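*Asks:* File model_29.csv below, CSV, C-alpha atoms:
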```csv
chain,number,residue,atom,x,y,z
D,1,MET,CA,-56.2,-14.7,60.9
D,2,THR,CA,-58.4,-16.9,63.0
D,3,ILE,CA,-57.8,-20.6,63.2
D,4,ASP,CA,-60.0,-23.3,64.6
D,5,GLN,CA,-59.5,-26.5,66.5
D,6,LEU,CA,-58.9,-28.6,63.3
D,7,ASP,CA,-56.2,-26.1,62.2
D,8,VAL,CA,-54.5,-26.5,65.6
D,9,ARG,CA,-54.7,-30.3,65.5
D,10,LEU,CA,-53.3,-30.2,61.9
D,11,VAL,CA,-50.4,-27.9,62.7
D,12,THR,CA,-49.6,-29.8,65.9
D,13,LEU,CA,-49.5,-33.1,64.0
D,14,LEU,CA,-47.3,-31.7,61.3
D,15,THR,CA,-45.0,-30.1,63.8
D,16,GLU,CA,-44.6,-33.3,65.8
D,17,GLU,CA,-44.3,-35.5,62.7
D,18,PRO,CA,-43.1,-33.3,59.8
D,19,ARG,CA,-42.6,-36.2,57.3
D,20,ILE,CA,-46.3,-37.4,57.5
D,21,GLY,CA,-48.2,-37.0,54.3
D,22,VAL,CA,-51.6,-35.4,53.6
D,23,LEU,CA,-53.4,-38.7,53.3
D,24,GLU,CA,-52.1,-39.9,56.7
D,25,CYS,CA,-53.0,-36.5,58.2
D,26,SER,CA,-56.5,-36.9,57.0
D,27,ARG,CA,-56.7,-40.5,58.4
D,28,ARG,CA,-55.4,-39.5,61.8
D,29,LEU,CA,-57.6,-36.4,62.0
D,30,ASN,CA,-60.7,-38.2,60.7
D,31,VAL,CA,-61.3,-35.7,57.9
D,32,ALA,CA,-61.2,-35.8,54.1
D,33,ARG,CA,-57.9,-35.5,52.3
D,34,GLY,CA,-59.2,-32.5,50.4
D,35,THR,CA,-60.0,-30.8,53.7
D,36,VAL,CA,-56.5,-31.3,55.0
D,37,GLN,CA,-55.0,-30.0,51.7
D,38,ALA,CA,-57.4,-27.0,51.7
D,39,ARG,CA,-56.5,-26.1,55.3
D,40,LEU,CA,-52.7,-26.4,54.5
D,41,ASP,CA,-53.1,-24.2,51.4
D,42,ARG,CA,-55.1,-21.6,53.3
D,43,LEU,CA,-52.6,-21.6,56.2
D,44,ALA,CA,-49.7,-21.2,53.8
D,45,ALA,CA,-51.4,-18.5,51.7
D,46,ARG,CA,-52.1,-16.4,54.8
D,47,GLY,CA,-48.5,-16.8,56.0
D,48,VAL,CA,-49.3,-19.0,59.1
D,49,ILE,CA,-47.2,-21.9,57.7
D,50,VAL,CA,-44.0,-20.5,56.3
D,51,GLY,CA,-42.0,-23.6,55.5
D,52,HIS,CA,-41.9,-27.3,55.1
D,53,GLY,CA,-38.2,-27.9,55.1
D,54,PRO,CA,-36.1,-29.8,57.7
D,55,GLN,CA,-35.0,-28.0,60.9
D,56,ILE,CA,-31.2,-28.2,61.1
D,57,ASP,CA,-29.3,-28.4,64.5
D,58,PRO,CA,-26.1,-26.3,64.1
D,59,ALA,CA,-24.5,-28.3,66.9
D,60,ALA,CA,-24.9,-31.5,64.9
D,61,LEU,CA,-22.8,-29.8,62.1
D,62,GLY,CA,-20.1,-28.9,64.6
D,63,TYR,CA,-21.3,-25.4,65.6
D,64,ASP,CA,-21.4,-25.9,69.3
D,65,VAL,CA,-21.4,-22.2,70.3
D,66,THR,CA,-24.4,-20.0,70.0
D,67,ALA,CA,-24.1,-16.3,70.7
D,68,PHE,CA,-26.2,-13.2,70.4
D,69,VAL,CA,-24.4,-10.2,69.1
D,70,THR,CA,-25.8,-6.7,69.5
D,71,LEU,CA,-24.7,-4.2,66.8
D,72,GLN,CA,-24.6,-0.5,66.7
D,73,ILE,CA,-24.6,0.7,63.2
D,74,ARG,CA,-24.0,4.0,61.3
D,75,GLN,CA,-27.4,5.4,60.7
D,76,VAL,CA,-26.5,7.1,57.4
D,77,SER,CA,-27.7,4.4,55.1
D,78,GLY,CA,-30.0,2.5,57.5
D,79,HIS,CA,-30.1,-1.1,58.4
D,80,VAL,CA,-30.9,-2.8,55.1
D,81,PRO,CA,-27.4,-2.6,53.6
D,82,VAL,CA,-25.9,-3.9,56.8
D,83,ALA,CA,-28.4,-6.7,57.0
D,84,ASP,CA,-27.7,-7.6,53.3
D,85,ARG,CA,-24.0,-7.8,54.1
D,86,LEU,CA,-24.6,-9.8,57.3
D,87,ALA,CA,-26.6,-12.3,55.3
D,88,LEU,CA,-23.3,-13.2,53.5
D,89,VAL,CA,-21.8,-14.6,56.7
D,90,PRO,CA,-22.9,-18.2,56.9
D,91,GLU,CA,-22.7,-18.3,60.7
D,92,VAL,CA,-25.2,-15.4,61.1
D,93,LEU,CA,-28.5,-17.3,61.5
D,94,GLU,CA,-30.8,-14.4,62.2
D,95,VAL,CA,-30.7,-10.6,62.2
D,96,HIS,CA,-33.3,-8.4,63.9
D,97,THR,CA,-33.6,-4.7,64.1
D,98,ILE,CA,-34.2,-3.8,67.8
D,99,THR,CA,-35.0,-1.0,70.2
D,100,GLY,CA,-32.8,-0.1,73.1
D,101,GLY,CA,-29.1,0.4,73.3
D,102,GLY,CA,-28.3,-1.3,70.0
D,103,ASP,CA,-29.6,-1.2,66.5
D,104,MET,CA,-29.5,-4.9,65.4
D,105,LEU,CA,-29.4,-8.2,67.2
D,106,CYS,CA,-27.8,-11.3,65.5
D,107,ARG,CA,-28.0,-14.9,66.5
D,108,VAL,CA,-24.7,-16.5,65.4
D,109,VAL,CA,-23.0,-19.9,65.7
D,110,ALA,CA,-19.4,-20.9,65.9
D,111,ARG,CA,-17.4,-24.1,66.2
D,112,SER,CA,-15.6,-22.9,69.4
D,113,ASN,CA,-15.1,-19.7,71.4
D,114,ALA,CA,-12.0,-19.0,69.3
D,115,ASP,CA,-14.0,-19.5,66.2
D,116,LEU,CA,-16.6,-17.1,67.6
D,117,GLN,CA,-13.9,-14.4,67.6
D,118,ARG,CA,-13.5,-15.0,63.9
D,119,VAL,CA,-17.2,-14.7,63.3
D,120,ILE,CA,-17.4,-11.5,65.3
D,121,ASP,CA,-14.4,-10.1,63.3
D,122,LEU,CA,-16.4,-10.8,60.1
D,123,ILE,CA,-19.4,-8.9,61.6
D,124,VAL,CA,-17.2,-6.0,62.7
D,125,ASP,CA,-15.8,-5.8,59.1
D,126,VAL,CA,-19.2,-5.3,57.7
D,127,GLU,CA,-19.5,-1.7,56.4
D,128,GLY,CA,-21.9,0.2,58.6
D,129,VAL,CA,-21.2,-1.7,61.8
D,130,VAL,CA,-19.7,0.6,64.4
D,131,ARG,CA,-19.6,-1.5,67.5
D,132,THR,CA,-20.6,-5.0,68.8
D,133,SER,CA,-21.4,-6.6,72.1
D,134,SER,CA,-21.9,-10.3,72.4
D,135,VAL,CA,-23.2,-12.8,74.9
D,136,ILE,CA,-22.7,-16.6,74.7
D,137,ALA,CA,-25.7,-18.9,75.3
D,138,LEU,CA,-24.9,-21.5,77.9
D,139,ASP,CA,-28.1,-23.6,77.4
D,140,THR,CA,-31.5,-23.4,75.7
D,141,PRO,CA,-34.0,-24.4,78.3
D,142,VAL,CA,-36.9,-23.2,76.1
D,143,PRO,CA,-36.1,-23.8,72.4
D,144,TYR,CA,-37.8,-21.8,69.6
D,145,ARG,CA,-41.4,-22.9,69.6
D,146,THR,CA,-44.7,-21.8,68.1
D,147,LEU,CA,-47.3,-24.5,69.0
D,148,PRO,CA,-48.3,-22.6,72.2
D,149,LEU,CA,-49.1,-19.6,70.0
D,150,VAL,CA,-51.1,-21.7,67.6
D,151,ALA,CA,-53.2,-23.2,70.5
D,152,ALA,CA,-53.7,-19.7,72.0
D,153,ALA,CA,-54.8,-18.2,68.7
D,154,ARG,CA,-57.6,-20.7,68.0
D,155,THR,CA,-61.1,-19.3,68.0
```
Represent the supplied structure as structure tokens.
*Replies:*
Amino acid sequence: MTIDQLDVRLVTLLTEEPRIGVLECSRRLNVARGTVQARLDRLAARGVIVGHGPQIDPAALGYDVTAFVTLQIRQVSGHVPVADRLALVPEVLEVHTITGGGDMLCRVVARSNADLQRVIDLIVDVEGVVRTSSVIALDTPVPYRTLPLVAAART
């Protein structure tokens, strides 16, 4: 999908101030309210904008440890049943199928290193998981971001 400079400005504004309304967006961007609404609807329909909910910081909830766990799985039934079971573990934030030495990569959180062991034990108990390897994140110097992609994608 192609996006233009107005789309970039709109997405940037909503990313920086997610609680702003459509009317205020139109005022700040100097375009009609209907234009803002139509742009938002088009971006959402095409899957560019995928959510409007709050972003939660796990550390603020007491989950101070972030780790990445690589899984090797039994290939008999594939990754879908394993992913479905991993989704039942609240501390598993993301699961990706990957290339390389492992089959899946999970981003998980825990309250402490000892609690991370509990989370890893839950993952190992998932039917289909053969082996895990984990690394603990020490810091996040570049947090998850998409605005640079939005700016680079404009026509």
*Asks:* I'd like the neighbourhood of Thr66 of chain D as a PyMOL selection string, where a residue qualifies if any of its atoms comes within 9 Å (using only C-alpha atoms), though same-chain residues fewer than 5 positions away should be ignored.
*Replies:* chain D and resi 58-59+107-111+116+135-138
*Asks:* Skipping near chain neighbours, those fewer than 5 positions away, what residues fall within 9 Å of Leu29 of chain D using all atoms listed in the file, listed as a ChimeraX atom specification?
*Replies:* /D:6,9-10,13,24,36
*Asks:* Could you write out the selected residues, including C-alpha atoms, as a CSV table (one decimal), in the coordinates of the input?
*Replies:*
```
chain,number,residue,atom,x,y,z
D,6,LEU,CA,-58.9,-28.6,63.3
D,9,ARG,CA,-54.7,-30.3,65.5
D,10,LEU,CA,-53.3,-30.2,61.9
D,13,LEU,CA,-49.5,-33.1,64.0
D,24,GLU,CA,-52.1,-39.9,56.7
D,36,VAL,CA,-56.5,-31.3,55.0
```
*Asks:* For each of D:Arg39, D:Val129, D:Ala32, D:Asp57, take the minimum atom-to-atom distance to Val80 of chain D, counting all atoms listed in the file, then give the residue where this is smallest.
*Replies:*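 Once distances to Val80 of chain D are computed over all atoms listed in the file, the minimum belongs to D:Val129.
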*Asks:* Compile the contact shell of segment 82-95 of chain D as a ChimeraX atom specification: residues with an atom at most 12 Å away, counting all atoms listed in the file, same-chain residues fewer than 3 positions apart removed.
*Replies:* /D:56-59,61-79,98,103-111,115-130
*Asks:* Name the closest residue to Asp7 of chain D among the candidates D:Arg42, D:Gly21, D:Ala60, D:Arg27; distances are taken between atoms, counting all atoms listed in the file.
*Replies:*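 Checking each candidate against Asp7 of chain D, we get D:Arg42 as the closest.
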*Asks:* Work out how far atom CA of Gly51 of chain D is from atom CA of Thr15 of chain D, in Å to one decimal.
*Replies:*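 Taking atom CA of Thr15 of chain D and atom CA of Gly51 of chain D, their separation equals 11.0 Å.
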*Asks:* Could you state the separation of atom CA of Tyr144 of chain D and atom CA of Val50 of chain D in Å, given to one decimal place?
*Replies:*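 According to the coordinates, atom CA of Tyr144 of chain D and atom CA of Val50 of chain D are separated by 14.7 Å.
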*Asks:* Grab the atom CA of Gln37 of chain D to atom CA of Arg145 of chain D distance for me, in Å with one decimal place.
*Replies:*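 Value for the atom CA of Gln37 of chain D-atom CA of Arg145 of chain D distance: 23.6 Å.
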